[in-house]
Every structure is written in C-alpha cells, then in structure tokens.
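Containing mmCIF, C-alpha atoms: input32.cif.
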data_protein
#
loop_
_atom_site.label_atom_id
_atom_site.label_comp_id
_atom_site.auth_asym_id
_atom_site.auth_seq_id
_atom_site.Cartn_x
_atom_site.Cartn_y
_atom_site.Cartn_z
CA ASP A 1 297.69 -22.76 46.85
CA ALA A 2 298.58 -23.66 50.44
CA GLY A 3 302.11 -25.03 50.78
CA ILE A 4 301.30 -28.63 51.65
CA THR A 5 303.29 -31.60 50.41
CA GLN A 6 302.24 -35.17 50.98
CA SER A 7 304.59 -38.08 50.47
CA PRO A 8 304.53 -40.58 49.02
CA ARG A 9 301.80 -39.81 46.48
CA HIS A 10 301.21 -43.49 45.75
CA LYS A 11 302.10 -46.60 47.66
CA VAL A 12 301.34 -50.29 47.33
CA THR A 13 302.20 -52.56 50.22
CA GLU A 14 301.25 -55.86 51.79
CA THR A 15 299.01 -56.66 54.72
CA GLY A 16 300.84 -56.61 58.02
CA THR A 17 303.58 -54.19 57.02
CA PRO A 18 304.05 -50.80 58.72
CA VAL A 19 303.37 -47.71 56.62
CA THR A 20 304.15 -44.05 57.33
CA LEU A 21 302.69 -41.15 55.39
CA ARG A 22 304.16 -37.69 55.68
CA CYS A 23 302.54 -34.27 55.50
CA HIS A 24 304.83 -31.24 55.27
CA GLN A 25 303.62 -27.62 55.36
CA THR A 26 305.42 -24.36 54.75
CA GLU A 27 302.61 -22.11 56.09
CA ASN A 28 303.46 -22.32 59.80
CA HIS A 29 299.83 -23.19 60.54
CA ARG A 30 298.98 -24.53 63.98
CA TYR A 31 296.40 -27.14 63.02
CA MET A 32 297.05 -30.22 60.92
CA TYR A 33 294.68 -33.06 60.04
CA TRP A 34 294.68 -36.51 58.49
CA TYR A 35 291.56 -37.69 56.63
CA ARG A 36 290.74 -40.76 54.66
CA GLN A 37 288.42 -40.64 51.64
CA ASP A 38 286.39 -43.67 50.59
CA PRO A 39 283.49 -43.93 48.14
CA GLY A 40 280.19 -43.25 49.86
CA HIS A 41 281.83 -41.90 53.02
CA GLY A 42 283.18 -38.53 52.07
CA LEU A 43 286.13 -37.36 54.14
CA ARG A 44 286.53 -38.84 57.60
CA LEU A 45 288.90 -37.48 60.22
CA ILE A 46 291.53 -39.93 61.47
CA HIS A 47 293.65 -37.76 63.78
CA TYR A 48 294.44 -34.11 64.14
CA SER A 49 297.07 -31.94 65.79
CA TYR A 50 296.66 -28.57 67.49
CA GLY A 51 300.37 -27.99 68.08
CA VAL A 52 303.74 -29.66 68.39
CA LYS A 53 303.30 -32.90 70.33
CA ASP A 54 299.56 -32.12 70.75
CA THR A 55 297.35 -34.61 68.94
CA ASP A 56 293.90 -36.10 69.34
CA LYS A 57 291.75 -38.78 67.78
CA GLY A 58 289.15 -38.32 65.10
CA GLU A 59 286.19 -40.50 64.20
CA VAL A 60 288.14 -43.36 62.54
CA SER A 61 291.38 -43.52 64.53
CA ASP A 62 291.59 -47.29 65.21
CA GLY A 63 294.69 -48.80 63.60
CA TYR A 64 296.38 -45.42 63.09
CA SER A 65 298.85 -43.36 65.11
CA VAL A 66 300.30 -39.91 64.51
CA SER A 67 303.23 -37.80 65.57
CA ARG A 68 304.10 -34.14 65.29
CA SER A 69 307.60 -33.30 66.46
CA LYS A 70 307.85 -30.11 64.39
CA THR A 71 305.31 -27.50 63.36
CA GLU A 72 305.80 -28.32 59.69
CA ASP A 73 305.53 -32.13 59.79
CA PHE A 74 302.63 -34.42 60.68
CA LEU A 75 303.17 -38.15 60.27
CA LEU A 76 300.48 -40.82 59.98
CA THR A 77 301.49 -44.40 60.75
CA LEU A 78 299.67 -47.63 60.10
CA GLU A 79 301.41 -50.00 62.50
CA SER A 80 300.24 -53.16 60.73
CA ALA A 81 298.38 -52.35 57.53
CA THR A 82 295.13 -54.13 56.70
CA SER A 83 293.19 -54.25 53.43
CA SER A 84 290.44 -52.11 55.01
CA GLN A 85 292.96 -49.27 55.19
CA THR A 86 293.22 -49.11 51.40
CA SER A 87 292.10 -45.55 50.75
CA VAL A 88 293.09 -42.09 49.63
CA TYR A 89 294.61 -40.14 52.51
CA PHE A 90 294.49 -36.35 52.64
CA CYS A 91 296.34 -34.01 54.94
CA ALA A 92 294.86 -30.60 55.71
CA ILE A 93 296.03 -27.50 57.57
CA SER A 94 294.34 -24.49 59.12
CA LYS A 95 295.39 -21.31 60.87
CA ASP A 96 294.84 -20.40 64.50
CA ARG A 97 292.87 -17.16 64.47
CA GLY A 98 290.34 -18.00 67.12
CA GLY A 99 287.20 -19.78 66.05
CA ASN A 100 286.93 -22.16 63.14
CA GLN A 101 289.14 -21.46 60.15
CA PRO A 102 289.17 -22.87 56.60
CA GLN A 103 291.04 -26.09 56.09
CA HIS A 104 293.26 -26.44 53.02
CA PHE A 105 294.14 -29.84 51.63
CA GLY A 106 297.23 -31.48 50.20
CA ASP A 107 297.16 -33.51 46.98
CA GLY A 108 296.58 -36.83 48.73
CA THR A 109 298.27 -40.21 48.99
CA ARG A 110 296.72 -43.21 47.28
CA LEU A 111 297.48 -46.24 49.45
CA SER A 112 296.75 -49.80 48.34
CA ILE A 113 297.18 -52.70 50.74
CA LEU A 114 297.20 -56.11 49.15
CA GLY B 115 277.62 -39.04 67.06
CA GLU B 116 277.22 -35.86 65.09
CA ASN B 117 276.64 -36.11 61.36
CA VAL B 118 276.03 -34.14 58.18
CA GLU B 119 273.59 -35.42 55.58
CA GLN B 120 274.00 -34.27 52.00
CA HIS B 121 271.53 -34.55 49.09
CA PRO B 122 271.36 -35.42 46.31
CA SER B 123 274.22 -37.85 45.85
CA THR B 124 274.19 -37.22 42.10
CA LEU B 125 272.86 -34.27 40.12
CA SER B 126 272.75 -33.79 36.36
CA VAL B 127 271.87 -30.41 34.86
CA GLN B 128 272.02 -28.75 31.46
CA GLU B 129 274.60 -26.07 30.88
CA GLY B 130 273.17 -22.72 31.93
CA ASP B 131 270.74 -24.19 34.45
CA SER B 132 271.04 -23.76 38.23
CA ALA B 133 272.14 -26.47 40.65
CA VAL B 134 271.26 -26.74 44.33
CA ILE B 135 272.87 -29.05 46.87
CA LYS B 136 271.44 -29.33 50.38
CA CYS B 137 272.97 -30.34 53.70
CA THR B 138 271.55 -30.90 57.16
CA TYR B 139 273.68 -30.94 60.30
CA SER B 140 272.97 -32.32 63.75
CA ASP B 141 275.33 -30.42 66.08
CA SER B 142 273.49 -27.35 67.36
CA ALA B 143 276.85 -25.78 68.30
CA SER B 144 278.13 -25.83 64.69
CA ASN B 145 278.99 -22.29 63.58
CA TYR B 146 281.11 -22.68 60.45
CA PHE B 147 280.03 -24.26 57.15
CA PRO B 148 282.50 -24.61 54.25
CA TRP B 149 281.90 -26.08 50.81
CA TYR B 150 284.57 -27.91 48.83
CA LYS B 151 284.83 -28.83 45.16
CA GLN B 152 286.83 -31.90 44.18
CA GLU B 153 287.66 -32.70 40.59
CA LEU B 154 288.53 -36.27 39.67
CA GLY B 155 291.89 -37.28 41.12
CA LYS B 156 292.44 -33.89 42.71
CA ARG B 157 292.39 -32.46 46.20
CA PRO B 158 289.26 -30.88 47.72
CA GLN B 159 289.34 -27.11 47.23
CA LEU B 160 287.44 -24.61 49.33
CA ILE B 161 285.00 -22.65 47.15
CA ILE B 162 282.89 -20.77 49.68
CA ASP B 163 282.13 -20.77 53.40
CA ILE B 164 279.61 -19.19 55.74
CA ARG B 165 279.47 -18.53 59.46
CA SER B 166 276.44 -18.79 61.68
CA ASN B 167 276.05 -15.04 62.10
CA VAL B 168 275.28 -14.70 58.37
CA GLY B 169 272.25 -16.03 56.48
CA GLU B 170 273.60 -15.84 52.94
CA LYS B 171 276.87 -15.30 51.13
CA LYS B 172 277.56 -14.89 47.42
CA ASP B 173 280.66 -15.12 45.26
CA GLN B 174 279.94 -14.59 41.57
CA ARG B 175 277.87 -17.61 40.41
CA ILE B 176 278.05 -19.39 43.77
CA ALA B 177 275.94 -18.69 46.84
CA VAL B 178 275.41 -20.40 50.16
CA THR B 179 272.39 -20.03 52.43
CA LEU B 180 272.08 -21.03 56.06
CA ASN B 181 268.97 -21.71 58.13
CA LYS B 182 270.17 -22.19 61.72
CA THR B 183 266.72 -22.95 63.07
CA ALA B 184 266.23 -25.87 60.71
CA LYS B 185 269.97 -26.76 60.71
CA HIS B 186 270.05 -26.63 56.92
CA PHE B 187 272.54 -25.04 54.55
CA SER B 188 272.61 -25.10 50.78
CA LEU B 189 274.94 -24.42 47.87
CA HIS B 190 273.50 -22.68 44.83
CA ILE B 191 275.35 -22.55 41.51
CA THR B 192 273.80 -20.40 38.79
CA GLU B 193 274.51 -20.44 35.04
CA THR B 194 276.31 -23.76 35.33
CA GLN B 195 279.20 -24.52 33.00
CA PRO B 196 280.85 -27.84 32.09
CA GLU B 197 283.85 -26.93 34.27
CA ASP B 198 281.51 -26.93 37.29
CA SER B 199 281.30 -30.73 36.91
CA ALA B 200 282.90 -32.23 40.05
CA VAL B 201 282.08 -33.70 43.44
CA TYR B 202 280.95 -31.12 45.99
CA PHE B 203 281.25 -31.66 49.74
CA CYS B 204 279.57 -29.71 52.49
CA ALA B 205 280.97 -29.65 56.02
CA ALA B 206 280.03 -28.34 59.44
CA SER B 207 282.23 -27.47 62.38
CA LEU B 208 282.07 -29.73 65.40
CA GLY B 209 281.19 -27.98 68.63
CA GLY B 210 282.13 -24.32 69.08
CA ALA B 211 285.71 -23.44 68.16
CA THR B 212 287.17 -26.93 67.88
CA ASN B 213 288.65 -26.36 64.43
CA LYS B 214 287.29 -29.78 63.47
CA LEU B 215 284.92 -30.44 60.59
CA ILE B 216 282.49 -33.21 59.80
CA PHE B 217 281.84 -33.75 56.10
CA GLY B 218 278.84 -34.78 54.07
CA THR B 219 279.16 -37.73 51.72
CA GLY B 220 279.39 -35.63 48.56
CA THR B 221 277.33 -34.75 45.48
CA LEU B 222 278.51 -35.64 41.99
CA LEU B 223 277.44 -32.76 39.75
CA ALA B 224 277.43 -33.35 36.00
CA VAL B 225 276.83 -30.36 33.74
CA GLN B 226 275.77 -31.50 30.30
CA PRO B 227 276.88 -29.22 27.42
#
Show how you would write the structure in this file as structure tokens.
Amino acid sequence: DAGITQSPRHKVTETGTPVTLRCHQTENHRYMYWYRQDPGHGLRLIHYSYGVKDTDKGEVSDGYSVSRSKTEDFLLTLESATSSQTSVYFCAISKDRGGNQPQHFGDGTRLSIL
Amino acid sequence: GENVEQHPSTLSVQEGDSAVIKCTYSDSASNYFPWYKQELGKRPQLIIDIRSNVGEKKDQRIAVTLNKTAKHFSLHITETQPEDSAVYFCAASLGGATNKLIFGTGTLLAVQP
C-alpha cells in the first residue's frame, strides 16, 4: 500500500469554523490531490499540487484552499466551513514519470459540519 | 466541461456470472483510463488501468476494453465472487499528460451467493 496518511480520520465541527485536513506521504511522489466524495457524485477534484508551492484548482475548489510547503505534506483548508462541505475527503498521490500515472488514495477523512 | 458517464449505477449478479460496467468519456485527448474498487468505508483501490495505445488488458478475472473511436471503455469481471461486491469507479485522464483524472459516478456491484 502507498504510504499515505490522512489526519484527522474523523472530525465534527460547527459552521463558520476553520478546518485543516492534512495529507502526509512517504513515497516522495511529485503529485498530490484532494478529492471529495459525495453520494451520486463519485470523486471530485478540489485542488491538486504538481510540486512544492505549485498548486492549481480542480472542479470544486470554491471555499477551499491548499498549501504544500514540503514534498511530503499537502494541506486542505476550509476557511469558514459550511454544511455543504460535509463529505468524505480523500488525498491521492502519483509519480512523475511523464504522462499520466496511477493515483493511489489515502484512507479518507470523514468531515461533518453541523 | 469534460465528463465521464458510468452505467449502470447498480448491478446485481449471481455468483459465478459475469459483470460488465460501461463508461463513456467526452475529452478526445484522454489517454489513460483506470478503474478503482471501493469497499464500504474504505479507500478507492486501483484494480486495473489501460492506456489509449492498447485496446484490451486482462488481469486474471478482470479485463478492460477501450474503444477510442466511440470514446467507450468497459470493465469485465468473470466468475464473480461475493468478495467482488463493492462500488467500482471508472476514470479518464483530462487532456494529454495533465496527471488529472475525472471520475464516473460509480457502480454498486452486488454478487449474490
């Protein structure tokens, strides 16, 4: 299994509070991704990173920001959480070998916003 | 925007039967097509993938076929077993070598013993 650790694994918080989710990898992979998974929508890309300090938006980036100050860590922040951001969040990583490479997922964070 | 359509959303088969899940993609530049299996409460796990220079790929009881002209790709599982029960997701790469994927909405496969 790919060395990916997501923390926390579960979190319950209130509307309007800031939330930060962490993804840590031990594979030294270049690419890192944050997805959210909701019933009926599959996995949707929030943000991704193609290197340290290099990030870009995905299809559902509104209300989220990311940072990558080290190769191994990719942080997802909800500046002011809303109930619509209740979801399961998955981090994924992939190598840089030229062309598209398989993405491997962490175990997910279940986030509930009340 | 680009999208991937996946059918059916649910599929129930008897143990030992075959199961087929189909996906259609819209981005003509897509060149990489992975399939993931997700058991309840678990992470998605890559089970097989195919690139656009190949029409078919097999791995034991699992096979994937790709029709670039029609922009279709399919997952075939033969001799299904109860442990094959899970949600299966198809995905297609966005653009050329973007390293980004767009996912289908998933198929819940139930294998009845």
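The space separating CA of Lys214 in chain B from CA of His10 in chain A comes to 26.4 Å.
Restricting the calculation to only C-alpha atoms, the smallest distance between chain A and any of B:Glu153, B:Asp173, B:Glu129, B:Asp163 is found for B:Asp163.
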Practice problem: With a cut-off of 6 Å and counting all atoms listed in the file, select all residues of chain B in contact with chain A and give the selection as an MDAnalysis selection string. | Solution: chainID B and resid 157 211 213 217 219:220
May I have the selected residues written with C-alpha atoms, as a PDB file, in the coordinates of the input?
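Below is the file again31.pdb, written as the result:
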ATOM      1  CA  ARG B 157     292.390 -32.460  46.200  1.00  0.00           C
ATOM      2  CA  ALA B 211     285.710 -23.440  68.160  1.00  0.00           C
ATOM      3  CA  ASN B 213     288.650 -26.360  64.430  1.00  0.00           C
ATOM      4  CA  PHE B 217     281.840 -33.750  56.100  1.00  0.00           C
ATOM      5  CA  THR B 219     279.160 -37.730  51.720  1.00  0.00           C
ATOM      6  CA  GLY B 220     279.390 -35.630  48.560  1.00  0.00           C
TER       7      GLY B 220
END
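The spacing separating CA of Thr20 in chain A from CA of Tyr150 in chain B amounts to 26.8 Å.
Counting all atoms listed in the file, the residue from B:Ser144, B:Thr124, B:Asn181, B:Gln226 that sits nearest to Ser207 in chain B is B:Ser144.
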Take the structure in the block and write a file for range 14-25 of chain A, all heavy atoms, as an mmCIF file, in the first residue's frame.
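After the write, out.cif holds the following:
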data_model
loop_
_atom_site.group_PDB
_atom_site.id
_atom_site.type_symbol
_atom_site.label_atom_id
_atom_site.label_comp_id
_atom_site.auth_asym_id
_atom_site.auth_seq_id
_atom_site.Cartn_x
_atom_site.Cartn_y
_atom_site.Cartn_z
ATOM 1 N N GLU A 14 -18.398 22.951 13.709
ATOM 2 C CA GLU A 14 -19.575 23.806 13.515
ATOM 3 C C GLU A 14 -19.395 24.741 12.321
ATOM 4 O O GLU A 14 -18.269 25.105 11.948
ATOM 5 C CB GLU A 14 -19.829 24.631 14.777
ATOM 6 C CG GLU A 14 -20.225 23.777 15.970
ATOM 7 C CD GLU A 14 -20.560 24.612 17.196
ATOM 8 O OE1 GLU A 14 -20.251 25.823 17.189
ATOM 9 O OE2 GLU A 14 -21.127 24.052 18.147
ATOM 10 N N THR A 15 -20.502 25.115 11.750
ATOM 11 C CA THR A 15 -20.499 26.068 10.637
ATOM 12 C C THR A 15 -19.750 27.330 11.026
ATOM 13 O O THR A 15 -19.898 27.838 12.140
ATOM 14 C CB THR A 15 -21.953 26.424 10.255
ATOM 15 O OG1 THR A 15 -22.632 25.233 9.879
ATOM 16 C CG2 THR A 15 -21.987 27.406 9.110
ATOM 17 N N GLY A 16 -18.916 27.800 10.100
ATOM 18 C CA GLY A 16 -18.185 29.038 10.315
ATOM 19 C C GLY A 16 -16.796 28.871 10.900
ATOM 20 O O GLY A 16 -16.021 29.833 10.922
ATOM 21 N N THR A 17 -16.469 27.680 11.351
ATOM 22 C CA THR A 17 -15.139 27.462 11.930
ATOM 23 C C THR A 17 -14.153 27.066 10.833
ATOM 24 O O THR A 17 -14.540 26.472 9.823
ATOM 25 C CB THR A 17 -15.164 26.371 12.993
ATOM 26 O OG1 THR A 17 -15.618 25.145 12.387
ATOM 27 C CG2 THR A 17 -16.094 26.740 14.128
ATOM 28 N N PRO A 18 -12.871 27.386 11.020
ATOM 29 C CA PRO A 18 -11.860 26.938 10.052
ATOM 30 C C PRO A 18 -11.487 25.477 10.323
ATOM 31 O O PRO A 18 -11.489 25.035 11.463
ATOM 32 C CB PRO A 18 -10.682 27.869 10.330
ATOM 33 C CG PRO A 18 -10.851 28.268 11.759
ATOM 34 C CD PRO A 18 -12.312 28.271 12.043
ATOM 35 N N VAL A 19 -11.186 24.768 9.253
ATOM 36 C CA VAL A 19 -10.807 23.355 9.365
ATOM 37 C C VAL A 19 -9.615 23.099 8.454
ATOM 38 O O VAL A 19 -9.607 23.560 7.307
ATOM 39 C CB VAL A 19 -11.964 22.428 8.928
ATOM 40 C CG1 VAL A 19 -11.530 20.968 8.977
ATOM 41 C CG2 VAL A 19 -13.201 22.655 9.797
ATOM 42 N N THR A 20 -8.636 22.369 8.957
ATOM 43 C CA THR A 20 -7.492 21.976 8.118
ATOM 44 C C THR A 20 -7.327 20.472 8.164
ATOM 45 O O THR A 20 -7.277 19.874 9.239
ATOM 46 C CB THR A 20 -6.197 22.662 8.582
ATOM 47 O OG1 THR A 20 -6.316 24.065 8.392
ATOM 48 C CG2 THR A 20 -5.006 22.156 7.753
ATOM 49 N N LEU A 21 -7.255 19.877 6.979
ATOM 50 C CA LEU A 21 -7.003 18.450 6.833
ATOM 51 C C LEU A 21 -5.585 18.270 6.295
ATOM 52 O O LEU A 21 -5.138 19.034 5.442
ATOM 53 C CB LEU A 21 -8.011 17.816 5.872
ATOM 54 C CG LEU A 21 -9.498 18.076 6.164
ATOM 55 C CD1 LEU A 21 -10.358 17.312 5.155
ATOM 56 C CD2 LEU A 21 -9.854 17.728 7.583
ATOM 57 N N ARG A 22 -4.941 17.227 6.799
ATOM 58 C CA ARG A 22 -3.550 17.005 6.405
ATOM 59 C C ARG A 22 -3.390 15.691 5.653
ATOM 60 O O ARG A 22 -3.995 14.670 6.008
ATOM 61 C CB ARG A 22 -2.640 16.968 7.639
ATOM 62 C CG ARG A 22 -1.165 16.768 7.322
ATOM 63 C CD ARG A 22 -0.361 16.603 8.594
ATOM 64 N NE ARG A 22 1.077 16.525 8.339
ATOM 65 C CZ ARG A 22 1.888 15.635 8.908
ATOM 66 N NH1 ARG A 22 1.389 14.763 9.769
ATOM 67 N NH2 ARG A 22 3.177 15.633 8.640
ATOM 68 N N CYS A 23 -2.565 15.730 4.621
ATOM 69 C CA CYS A 23 -2.176 14.525 3.887
ATOM 70 C C CYS A 23 -0.659 14.438 3.928
ATOM 71 O O CYS A 23 0.033 15.381 3.522
ATOM 72 C CB CYS A 23 -2.665 14.581 2.449
ATOM 73 S SG CYS A 23 -2.192 13.147 1.457
ATOM 74 N N HIS A 24 -0.153 13.318 4.406
ATOM 75 C CA HIS A 24 1.294 13.105 4.526
ATOM 76 C C HIS A 24 1.676 11.855 3.740
ATOM 77 O O HIS A 24 1.066 10.807 3.900
ATOM 78 C CB HIS A 24 1.670 12.935 5.994
ATOM 79 C CG HIS A 24 3.125 12.658 6.216
ATOM 80 N ND1 HIS A 24 4.086 13.649 6.171
ATOM 81 C CD2 HIS A 24 3.786 11.503 6.460
ATOM 82 C CE1 HIS A 24 5.272 13.117 6.389
ATOM 83 N NE2 HIS A 24 5.119 11.813 6.576
ATOM 84 N N GLN A 25 2.690 11.964 2.879
ATOM 85 C CA GLN A 25 3.150 10.813 2.095
ATOM 86 C C GLN A 25 4.617 10.537 2.363
ATOM 87 O O GLN A 25 5.398 11.441 2.648
ATOM 88 C CB GLN A 25 2.924 11.073 0.593
ATOM 89 C CG GLN A 25 3.678 12.288 0.069
ATOM 90 C CD GLN A 25 4.225 12.120 -1.320
ATOM 91 O OE1 GLN A 25 4.570 11.012 -1.754
ATOM 92 N NE2 GLN A 25 4.323 13.234 -2.052
#
